[in-house]
>>> print(open('structure_33.cif').read())   # mmCIF, C-alpha atoms
data_entry
loop_
_atom_site.label_atom_id
_atom_site.label_comp_id
_atom_site.auth_asym_id
_atom_site.auth_seq_id
_atom_site.Cartn_x
_atom_site.Cartn_y
_atom_site.Cartn_z
CA SER J 22 -76.74 -78.85 -5.00
CA LEU J 23 -78.03 -82.15 -3.64
CA LEU J 24 -79.82 -80.35 -0.81
CA ASP J 25 -81.32 -77.96 -3.36
CA LEU J 26 -83.33 -80.91 -4.70
CA HIS J 27 -85.68 -80.09 -1.79
CA GLU J 28 -88.65 -82.53 -1.72
CA GLU J 29 -87.17 -84.47 -4.64
CA LEU J 30 -84.27 -85.43 -2.37
CA LEU J 31 -86.70 -87.21 -0.04
CA ASN J 32 -88.06 -89.19 -2.99
CA LEU J 33 -84.53 -90.20 -4.00
CA LEU J 34 -83.61 -91.22 -0.46
CA GLU J 35 -86.51 -93.68 -0.47
CA ASN J 36 -84.64 -95.61 -3.16
CA VAL J 37 -80.98 -95.10 -2.24
CA GLU J 38 -78.69 -95.46 0.76
CA LEU J 39 -75.74 -93.14 1.31
CA ILE J 40 -72.84 -95.39 2.30
CA HIS J 41 -69.89 -93.05 1.75
CA CYS J 42 -70.00 -89.26 1.91
CA PRO J 43 -66.97 -87.60 3.56
CA VAL J 44 -68.74 -84.22 3.95
CA LEU J 45 -71.61 -85.82 5.89
CA MET J 46 -70.14 -88.79 7.73
CA ASP J 47 -66.83 -89.81 9.23
CA VAL J 48 -66.04 -92.69 6.88
CA LYS J 49 -62.36 -93.55 6.51
CA GLU J 50 -62.52 -96.37 3.98
CA ILE J 51 -64.35 -96.51 0.67
CA PRO J 52 -66.79 -99.44 0.98
CA ASP J 53 -67.10 -102.22 -1.58
CA GLU J 54 -70.04 -102.84 -3.92
CA ILE J 55 -71.08 -99.25 -4.61
CA ASP J 56 -73.85 -98.94 -7.18
CA ILE J 57 -73.44 -95.25 -8.05
CA ALA J 58 -70.51 -92.97 -7.21
CA LEU J 59 -70.70 -89.20 -7.60
CA ILE J 60 -67.15 -87.84 -7.77
CA GLU J 61 -66.61 -84.09 -7.65
CA GLY J 62 -63.42 -82.16 -8.31
CA GLY J 63 -60.68 -82.53 -10.90
CA ILE J 64 -57.38 -84.36 -10.47
CA ARG J 65 -54.72 -82.04 -9.01
CA ASN J 66 -52.55 -84.36 -6.90
CA LYS J 67 -51.61 -88.01 -6.51
CA GLU J 68 -54.13 -88.57 -3.70
CA ASN J 69 -56.98 -87.38 -5.97
CA GLU J 70 -55.74 -89.86 -8.57
CA GLU J 71 -55.59 -92.80 -6.16
CA ILE J 72 -59.04 -92.12 -4.67
CA ALA J 73 -60.59 -91.82 -8.13
CA LYS J 74 -59.08 -95.16 -9.21
CA GLU J 75 -60.20 -96.90 -6.02
CA MET J 76 -63.71 -95.52 -6.43
CA ARG J 77 -63.77 -96.73 -10.04
CA ASN J 78 -62.79 -100.23 -8.93
CA LYS J 79 -65.53 -100.36 -6.30
CA ALA J 80 -68.42 -98.64 -8.12
CA LYS J 81 -70.62 -100.03 -10.87
CA ILE J 82 -71.45 -96.54 -12.21
CA VAL J 83 -69.25 -93.45 -11.88
CA ILE J 84 -70.62 -89.96 -12.48
CA ALA J 85 -68.38 -86.92 -12.85
CA PHE J 86 -70.28 -84.50 -10.65
CA GLY J 87 -69.86 -80.81 -11.44
CA THR J 88 -67.72 -78.85 -13.86
CA CYS J 89 -64.42 -79.43 -12.04
CA ALA J 90 -64.80 -83.20 -12.37
CA THR J 91 -66.17 -82.97 -15.90
CA PHE J 92 -63.85 -80.37 -17.46
CA GLY J 93 -61.29 -79.35 -14.83
CA GLY J 94 -63.07 -76.17 -13.75
CA VAL J 95 -61.58 -72.89 -12.56
CA PRO J 96 -58.62 -74.64 -10.81
CA GLY J 97 -57.65 -75.77 -14.30
CA LEU J 98 -56.36 -72.27 -15.06
CA GLY J 99 -53.41 -73.36 -12.93
CA ASN J 100 -52.32 -75.27 -16.04
CA LEU J 101 -50.93 -71.96 -17.30
CA TYR J 102 -48.07 -72.51 -14.85
CA SER J 103 -45.80 -75.42 -14.00
CA LYS J 104 -46.27 -77.10 -10.64
CA GLU J 105 -42.85 -75.75 -9.64
CA GLU J 106 -43.98 -72.20 -10.38
CA ILE J 107 -47.17 -72.70 -8.37
CA LEU J 108 -45.35 -74.06 -5.32
CA GLU J 109 -42.76 -71.29 -5.54
CA LYS J 110 -45.49 -68.65 -5.61
CA VAL J 111 -47.60 -70.13 -2.82
CA TYR J 112 -44.86 -70.96 -0.33
CA LYS J 113 -42.12 -68.43 -1.06
CA THR J 114 -43.00 -65.25 -2.93
CA THR J 115 -46.47 -64.09 -1.86
CA LEU J 116 -46.37 -60.87 0.18
CA SER J 117 -47.91 -62.50 3.24
CA THR J 118 -45.52 -65.46 3.31
CA GLU J 119 -42.79 -65.68 5.95
CA ASN J 120 -40.50 -68.50 4.87
CA ASP J 121 -36.89 -67.40 5.30
CA GLU J 122 -35.58 -70.92 4.80
CA GLY J 123 -37.53 -71.32 1.57
CA ILE J 124 -39.02 -74.67 2.59
CA ILE J 125 -41.73 -76.17 0.43
CA PRO J 126 -43.80 -78.67 2.49
CA SER J 127 -43.42 -82.26 1.31
CA GLU J 128 -44.06 -84.53 4.30
CA GLU J 129 -47.61 -85.94 4.34
CA VAL J 130 -48.51 -83.58 1.49
CA PRO J 131 -49.71 -85.34 -1.69
CA PRO J 132 -47.42 -84.36 -4.59
CA LEU J 133 -49.06 -82.31 -7.33
CA THR J 134 -49.66 -83.88 -10.72
CA SER J 135 -48.07 -82.15 -13.71
CA ARG J 136 -51.38 -80.36 -14.39
CA VAL J 137 -55.06 -80.37 -13.51
CA LYS J 138 -56.94 -83.13 -15.34
CA PRO J 139 -60.64 -83.84 -15.75
CA LEU J 140 -61.76 -87.06 -14.07
CA SER J 141 -62.25 -88.86 -17.40
CA GLU J 142 -58.54 -88.52 -18.18
CA VAL J 143 -57.68 -90.72 -15.20
CA ILE J 144 -60.57 -93.21 -15.03
CA ASP J 145 -63.50 -94.30 -17.18
CA VAL J 146 -66.57 -92.17 -16.45
CA ASP J 147 -70.06 -93.43 -17.24
CA TYR J 148 -72.03 -90.18 -17.03
CA PHE J 149 -71.44 -86.46 -16.53
CA ILE J 150 -73.41 -83.82 -14.64
CA PRO J 151 -71.72 -80.48 -15.44
CA GLY J 152 -72.39 -77.13 -13.79
CA CYS J 153 -70.73 -74.81 -11.29
CA PRO J 154 -72.67 -75.73 -9.25
CA PRO J 155 -74.65 -78.56 -10.93
CA ASN J 156 -78.28 -77.71 -11.59
CA PRO J 157 -80.53 -79.58 -9.09
CA GLU J 158 -83.12 -80.39 -11.76
CA MET J 159 -80.42 -81.95 -13.94
CA ILE J 160 -79.13 -83.98 -10.97
CA ALA J 161 -82.62 -85.32 -10.27
CA LYS J 162 -83.21 -86.28 -13.92
CA VAL J 163 -79.90 -88.15 -14.21
CA LEU J 164 -80.27 -90.06 -10.93
CA LYS J 165 -83.93 -90.92 -11.54
CA ALA J 166 -83.11 -92.22 -15.01
CA ILE J 167 -80.38 -94.50 -13.62
CA LEU J 168 -82.66 -95.78 -10.84
CA GLU J 169 -85.28 -96.60 -13.47
CA GLY J 170 -82.73 -98.49 -15.56
CA LYS J 171 -82.66 -95.86 -18.30
CA LYS J 172 -79.72 -94.08 -19.91
CA PRO J 173 -79.66 -90.46 -18.67
CA GLU J 174 -79.30 -87.75 -21.28
CA LEU J 175 -78.07 -84.19 -20.94
CA PRO J 176 -79.49 -81.31 -23.01
CA LYS J 177 -78.09 -81.35 -26.54
CA LYS J 178 -78.84 -77.71 -27.37
CA ASN J 179 -76.81 -74.68 -26.40
CA LEU J 180 -77.73 -72.06 -23.83
CA CYS J 181 -79.00 -69.58 -26.43
CA ASP J 182 -81.93 -71.94 -27.09
CA GLU J 183 -83.26 -71.46 -23.56
CA CYS J 184 -82.31 -67.80 -23.18
CA PRO J 185 -85.33 -65.45 -23.44
CA ARG J 186 -83.29 -62.51 -24.75
CA LYS J 187 -84.18 -61.41 -28.29
CA LYS J 188 -81.75 -62.16 -31.10
CA SER J 189 -81.50 -60.31 -34.41
CA ASP J 190 -82.71 -62.28 -37.43
CA ASN J 191 -79.78 -61.10 -39.57
CA GLY J 192 -77.11 -61.10 -36.90
CA VAL J 193 -75.11 -58.10 -35.71
CA SER J 194 -71.54 -57.13 -36.52
CA ILE J 195 -69.47 -56.87 -33.33
CA ASP J 196 -66.45 -54.55 -33.44
CA LYS J 197 -65.53 -54.48 -29.75
CA ILE J 198 -65.99 -56.63 -26.66
CA LYS J 199 -67.23 -54.72 -23.62
CA ARG J 200 -66.38 -55.72 -20.08
CA LYS J 201 -69.24 -56.57 -17.72
CA PHE J 202 -69.10 -53.22 -15.95
CA GLU J 203 -69.04 -51.15 -19.14
CA GLY J 204 -72.37 -49.54 -19.88
CA LYS J 205 -75.82 -50.81 -19.06
CA PRO J 206 -77.06 -53.58 -21.39
CA ASP J 207 -80.53 -53.57 -22.86
CA PRO J 208 -82.50 -55.98 -20.60
CA GLU J 209 -84.24 -57.65 -23.54
CA ARG J 210 -81.61 -57.91 -26.32
CA CYS J 211 -78.99 -60.63 -26.76
CA LEU J 212 -75.92 -59.72 -24.69
CA LEU J 213 -73.47 -60.96 -27.31
CA GLU J 214 -75.09 -58.78 -29.95
CA GLN J 215 -74.59 -55.83 -27.60
CA GLY J 216 -70.87 -56.56 -27.45
CA TYR J 217 -70.73 -58.44 -24.13
CA LEU J 218 -68.78 -61.69 -24.17
CA CYS J 219 -71.62 -64.13 -23.48
CA LEU J 220 -70.60 -67.76 -24.06
CA GLY J 221 -74.16 -69.05 -24.44
CA VAL J 222 -73.59 -70.04 -28.07
CA ALA J 223 -70.75 -72.38 -26.97
CA THR J 224 -72.32 -73.65 -23.73
CA ARG J 225 -74.65 -76.54 -22.99
CA ALA J 226 -78.22 -75.69 -22.00
CA GLY J 227 -79.68 -76.97 -18.74
CA CYS J 228 -79.36 -74.12 -16.25
CA GLY J 229 -82.30 -72.09 -17.53
CA ALA J 230 -79.91 -69.33 -18.71
CA LEU J 231 -79.94 -67.89 -15.19
CA CYS J 232 -77.01 -65.50 -15.73
CA PRO J 233 -78.25 -63.85 -18.97
CA ARG J 234 -81.73 -63.56 -17.45
CA ALA J 235 -80.13 -61.56 -14.64
CA GLY J 236 -78.20 -59.37 -17.07
CA VAL J 237 -74.87 -61.16 -16.62
CA PRO J 238 -73.12 -62.73 -19.65
CA CYS J 239 -72.79 -66.53 -19.56
CA SER J 240 -69.23 -67.52 -18.60
CA GLY J 241 -69.62 -71.10 -19.83
CA CYS J 242 -69.69 -73.12 -16.59
CA ASN J 243 -71.83 -75.90 -18.09
CA GLY J 244 -69.18 -76.63 -20.70
CA ALA J 245 -69.93 -77.36 -24.33
CA THR J 246 -72.39 -79.84 -25.83
CA ASP J 247 -71.23 -83.29 -26.95
CA ALA J 248 -71.03 -82.01 -30.55
CA VAL J 249 -68.28 -79.52 -29.65
CA ILE J 250 -64.68 -80.66 -29.13
CA ASP J 251 -63.30 -77.43 -27.67
CA GLN J 252 -65.56 -74.85 -26.01
CA GLY J 253 -63.13 -71.94 -26.36
CA ALA J 254 -62.49 -72.65 -30.05
CA LYS J 255 -66.24 -72.82 -30.64
CA MET J 256 -66.72 -69.40 -29.04
CA ILE J 257 -63.83 -67.88 -30.97
CA SER J 258 -65.37 -69.22 -34.19
CA ALA J 259 -68.73 -67.66 -33.29
CA LEU J 260 -67.10 -64.30 -32.63
CA CYS J 261 -65.23 -64.39 -35.92
CA SER J 262 -68.47 -64.96 -37.82
CA ASP J 263 -70.01 -61.91 -36.13
CA PHE J 264 -66.98 -59.66 -36.45
CA GLY J 265 -67.70 -58.49 -40.00
CA ILE J 266 -64.30 -58.81 -41.68
CA VAL J 267 -65.87 -60.64 -44.61
CA ARG J 268 -68.45 -57.89 -45.07
CA ASP J 269 -65.97 -55.06 -44.66
CA ARG J 270 -62.43 -55.65 -45.87
CA GLU J 271 -61.25 -52.43 -44.19
CA THR J 272 -62.04 -53.84 -40.73
CA ASP J 273 -58.92 -54.14 -38.59
CA PRO J 274 -58.69 -57.89 -37.76
CA THR J 275 -56.75 -57.14 -34.54
CA ALA J 276 -59.35 -54.77 -33.07
CA LEU J 277 -61.62 -57.42 -31.57
CA PRO J 278 -58.87 -59.56 -29.99
CA LYS J 279 -57.28 -56.45 -28.46
CA SER J 280 -60.57 -55.57 -26.73
CA ILE J 281 -60.57 -58.91 -24.86
CA LYS J 282 -58.39 -58.36 -21.79
CA ASP J 283 -58.07 -61.94 -20.51
CA LYS J 284 -58.36 -64.24 -23.50
CA ILE J 285 -57.71 -67.61 -21.85
CA GLY J 286 -59.77 -66.71 -18.79
CA SER J 287 -62.59 -65.55 -21.06
CA PHE J 288 -62.75 -68.58 -23.34
CA TYR J 289 -61.48 -71.36 -21.06
CA LYS J 290 -62.46 -70.28 -17.54
CA PHE J 291 -63.98 -73.69 -16.78
CA THR J 292 -62.66 -76.02 -19.48
CA LEU J 293 -58.93 -75.48 -20.05
CA PRO J 294 -57.87 -78.98 -18.78
CA SER J 295 -60.24 -80.62 -21.29
CA ALA J 296 -59.35 -78.34 -24.22
CA LEU J 297 -57.38 -79.44 -27.28
CA ILE J 298 -54.40 -77.65 -25.72
CA PRO J 299 -54.91 -78.25 -21.97
CA GLY J 300 -52.18 -75.96 -20.69
CA LYS J 301 -49.48 -73.49 -21.62
CA LEU J 302 -46.94 -74.84 -24.09
CA ARG J 303 -43.29 -74.12 -23.35
#
>>> encode(input="structure_33.cif", output="structure tokens")
Amino acid sequence: SLLDLHEELLNLLENVELIHCPVLMDVKEIPDEIDIALIEGGIRNKENEEIAKEMRNKAKIVIAFGTCATFGGVPGLGNLYSKEEILEKVYKTTLSTENDEGIIPSEEVPPLTSRVKPLSEVIDVDYFIPGCPPNPEMIAKVLKAILEGKKPELPKKNLCDECPRKKSDNGVSIDKIKRKFEGKPDPERCLLEQGYLCLGVATRAGCGALCPRAGVPCSGCNGATDAVIDQGAKMISALCSDFGIVRDRETDPTALPKSIKDKIGSFYKFTLPSALIPGKLR
């Protein structure tokens, strides 16, 4: 994403110096007196936790970079299982595993935390740049604002506001959710109104609605706006308002939920660790 800034990256490099970047340079220690730290990835093990805390102590400004750092991301779906279940599956029961002694590696392997956590649950985060991957234009705006001594701001509207697809003035009653491969959607009409689970109404703008423009429903990788506490709950609320039970009392209230095959994966694909209920309750 940083490289996708293209010429803008050269302008940024005139004003900044990269002093620690493990993917570009062989730097063992985190240096002192960092002005801005971009931290990507959520917290999954004790090493992640320790590095995040050390970076927080040494950096004046910390930015959660990308959806995994901001919300937990796709790895956060691991919160549906205990860490014991995950280790058992990975090291003992997969079809390709040969482990007759049933050993789970522990030496020099950072122990897993109880669940995946967004960065802000472990340290104080000053700013967020969501996205999977982060949008280069959004990265440039945030970094330029900080360099100019301004407070960076993310888009406050949802994705539907930047989506060119046509919406009905009166709304449309949805009675079934189609899967992405079912049928061929109208290239101009709102995907949600056609019955495709598009999370644009519950997702922050800023990506240019690239997926809906290409005919693919938004899966919510930018997370929700600051006004929304729980992205999945927001989307469920939007679906309920379009379902039509109020208008037609004979509508079967279980029909719509039954047509959604993977409910948690559909509503919380990127944000489960930051949801009101961040994992499976037992």
>>> resolve_selection(input="structure_33.cif", expression="the PyMOL selection byres ((chain J and resi 236) around 8)", output="compact mmCIF listing (two decimals) with C-alpha atoms, in the coordinates of the input")
# COMPACT_ATOMS: atom_id res chain seq x y z
CA PRO J 206 -77.06 -53.58 -21.39
CA PRO J 208 -82.50 -55.98 -20.60
CA LEU J 212 -75.92 -59.72 -24.69
CA CYS J 232 -77.01 -65.50 -15.73
CA PRO J 233 -78.25 -63.85 -18.97
CA ARG J 234 -81.73 -63.56 -17.45
CA ALA J 235 -80.13 -61.56 -14.64
CA VAL J 237 -74.87 -61.16 -16.62
CA PRO J 238 -73.12 -62.73 -19.65
>>> closest_residue(input="structure_33.cif", among="J:Lys81, J:Arg200, J:Lys188, J:Arg210", to="Ile167 of chain J", atoms="only C-alpha atoms")
J:Lys81
>>> resolve_selection(input="structure_33.cif", expression="the PyMOL selection byres ((chain J and resi 180) around 8)", output="list in words")
Lys178, Asn179, Cys181, Asp182, Glu183, Cys184, Gly221, Val222, Ala223, Thr224, Arg225, Ala226, Gly227, Gly229 and Ala230 of chain J
>>> closest_residue(input="structure_33.cif", among="J:Leu293, J:Leu101, J:Glu71, J:Glu109", to="Gly244 of chain J", atoms="only C-alpha atoms")
J:Leu293
>>> atom_distance(input="structure_33.cif", atom1="atom CA of Val95 of chain J", atom2="atom CA of Glu75 of chain J")
24.9 Å
>>> atom_distance(input="structure_33.cif", atom1="atom CA of Lys110 of chain J", atom2="atom CA of Pro139 of chain J")
23.7 Å
>>> residues_around(input="structure_33.cif", residues="segment 27-43 of chain J", least_positions_apart="2", cutoff="10 Å", atoms="all atoms listed in the file", output="PyMOL selection string")
chain J and resi 22-25+45-53+55-59+157-158+161+164-165+168
>>> residues_near_point(input="structure_33.cif", point="(-71.9, -89.3, -19.4)", cutoff="8 Å", atoms="only C-alpha atoms", output="PDB file with C-alpha atoms, in the frame of the given file")
ATOM      1  CA  ILE J  84     -70.620 -89.960 -12.480  1.00  0.00           C
ATOM      2  CA  ALA J  85     -68.380 -86.920 -12.850  1.00  0.00           C
ATOM      3  CA  VAL J 146     -66.570 -92.170 -16.450  1.00  0.00           C
ATOM      4  CA  ASP J 147     -70.060 -93.430 -17.240  1.00  0.00           C
ATOM      5  CA  TYR J 148     -72.030 -90.180 -17.030  1.00  0.00           C
ATOM      6  CA  PHE J 149     -71.440 -86.460 -16.530  1.00  0.00           C
ATOM      7  CA  ILE J 150     -73.410 -83.820 -14.640  1.00  0.00           C
ATOM      8  CA  PRO J 173     -79.660 -90.460 -18.670  1.00  0.00           C
ATOM      9  CA  GLU J 174     -79.300 -87.750 -21.280  1.00  0.00           C
TER      10      GLU J 174
END
>>> resolve_selection(input="structure_33.cif", expression="the PyMOL selection byres ((chain J and resi 294) around 7)", output="VMD selection string")
chain J and resid 92 to 93 97 137 to 139 292 to 293 295 to 296 299 to 300
>>> atom_distance(input="structure_33.cif", atom1="atom CA of Ser258 of chain J", atom2="atom CA of Ala245 of chain J")
13.6 Å
>>> residues_around(input="structure_33.cif", residues="Glu61 of chain J", least_positions_apart="4", cutoff="8 Å", atoms="only C-alpha atoms", output="ChimeraX atom specification")
/J:85-87,89-90
>>> decode(input="structure_33.cif", residues="segment 76-87 of chain J", atoms="all heavy atoms", output="short mmCIF file (atom, residue, chain, number, x, y, z; two decimals), in the first residue's frame")
data_model
loop_
_atom_site.label_atom_id
_atom_site.label_comp_id
_atom_site.auth_asym_id
_atom_site.auth_seq_id
_atom_site.Cartn_x
_atom_site.Cartn_y
_atom_site.Cartn_z
N MET J 76 6.78 -0.26 21.16
CA MET J 76 6.62 0.77 20.13
C MET J 76 5.86 1.97 20.68
O MET J 76 6.19 3.12 20.39
CB MET J 76 5.89 0.18 18.93
CG MET J 76 5.84 1.08 17.71
SD MET J 76 7.44 1.30 16.91
CE MET J 76 7.57 -0.23 15.98
N ARG J 77 4.86 1.70 21.50
CA ARG J 77 4.09 2.79 22.11
C ARG J 77 4.96 3.65 23.02
O ARG J 77 4.84 4.88 23.06
CB ARG J 77 2.92 2.20 22.90
CG ARG J 77 2.06 3.19 23.67
CD ARG J 77 1.21 4.09 22.81
NE ARG J 77 1.88 5.32 22.35
CZ ARG J 77 1.29 6.26 21.64
NH1 ARG J 77 0.00 6.15 21.30
NH2 ARG J 77 1.96 7.33 21.26
N ASN J 78 5.86 3.01 23.75
CA ASN J 78 6.75 3.73 24.65
C ASN J 78 7.76 4.60 23.90
O ASN J 78 8.20 5.63 24.41
CB ASN J 78 7.49 2.75 25.57
CG ASN J 78 6.58 2.12 26.60
OD1 ASN J 78 5.57 2.71 26.98
ND2 ASN J 78 6.93 0.93 27.05
N LYS J 79 8.11 4.19 22.68
CA LYS J 79 9.17 4.87 21.95
C LYS J 79 8.67 5.81 20.86
O LYS J 79 9.46 6.54 20.28
CB LYS J 79 10.11 3.84 21.34
CG LYS J 79 10.89 3.03 22.38
CD LYS J 79 11.88 2.08 21.74
CE LYS J 79 12.73 1.37 22.80
NZ LYS J 79 13.73 0.47 22.18
N ALA J 80 7.36 5.79 20.58
CA ALA J 80 6.83 6.61 19.49
C ALA J 80 5.92 7.71 20.03
O ALA J 80 5.14 7.51 20.96
CB ALA J 80 6.06 5.75 18.51
N LYS J 81 6.05 8.90 19.43
CA LYS J 81 5.18 10.01 19.83
C LYS J 81 3.76 9.81 19.31
O LYS J 81 2.79 10.14 19.98
CB LYS J 81 5.75 11.32 19.26
CG LYS J 81 7.12 11.68 19.82
CD LYS J 81 7.67 12.93 19.13
CE LYS J 81 9.08 13.25 19.63
NZ LYS J 81 9.66 14.41 18.89
N ILE J 82 3.63 9.28 18.09
CA ILE J 82 2.32 9.05 17.48
C ILE J 82 2.28 7.60 16.98
O ILE J 82 3.18 7.14 16.30
CB ILE J 82 2.07 10.00 16.29
CG1 ILE J 82 1.99 11.45 16.78
CG2 ILE J 82 0.81 9.62 15.52
CD1 ILE J 82 1.91 12.47 15.65
N VAL J 83 1.21 6.90 17.35
CA VAL J 83 1.02 5.52 16.88
C VAL J 83 -0.23 5.46 16.01
O VAL J 83 -1.30 5.93 16.40
CB VAL J 83 0.89 4.53 18.06
CG1 VAL J 83 0.43 3.16 17.56
CG2 VAL J 83 2.21 4.40 18.79
N ILE J 84 -0.07 4.86 14.83
CA ILE J 84 -1.18 4.70 13.90
C ILE J 84 -1.44 3.20 13.70
O ILE J 84 -0.54 2.45 13.37
CB ILE J 84 -0.88 5.33 12.53
CG1 ILE J 84 -0.62 6.84 12.68
CG2 ILE J 84 -2.01 5.08 11.54
CD1 ILE J 84 -0.19 7.52 11.38
N ALA J 85 -2.68 2.79 13.93
CA ALA J 85 -3.07 1.41 13.60
C ALA J 85 -3.25 1.36 12.09
O ALA J 85 -4.13 2.02 11.54
CB ALA J 85 -4.36 1.05 14.32
N PHE J 86 -2.41 0.58 11.44
CA PHE J 86 -2.30 0.60 9.99
C PHE J 86 -2.95 -0.64 9.38
O PHE J 86 -2.43 -1.75 9.51
CB PHE J 86 -0.82 0.68 9.60
CG PHE J 86 -0.57 0.90 8.13
CD1 PHE J 86 -0.87 2.11 7.54
CD2 PHE J 86 -0.04 -0.11 7.36
CE1 PHE J 86 -0.61 2.33 6.20
CE2 PHE J 86 0.22 0.09 6.01
CZ PHE J 86 -0.08 1.32 5.43
N GLY J 87 -4.11 -0.47 8.78
CA GLY J 87 -4.82 -1.59 8.18
C GLY J 87 -5.91 -2.14 9.08
O GLY J 87 -5.96 -1.86 10.28
#
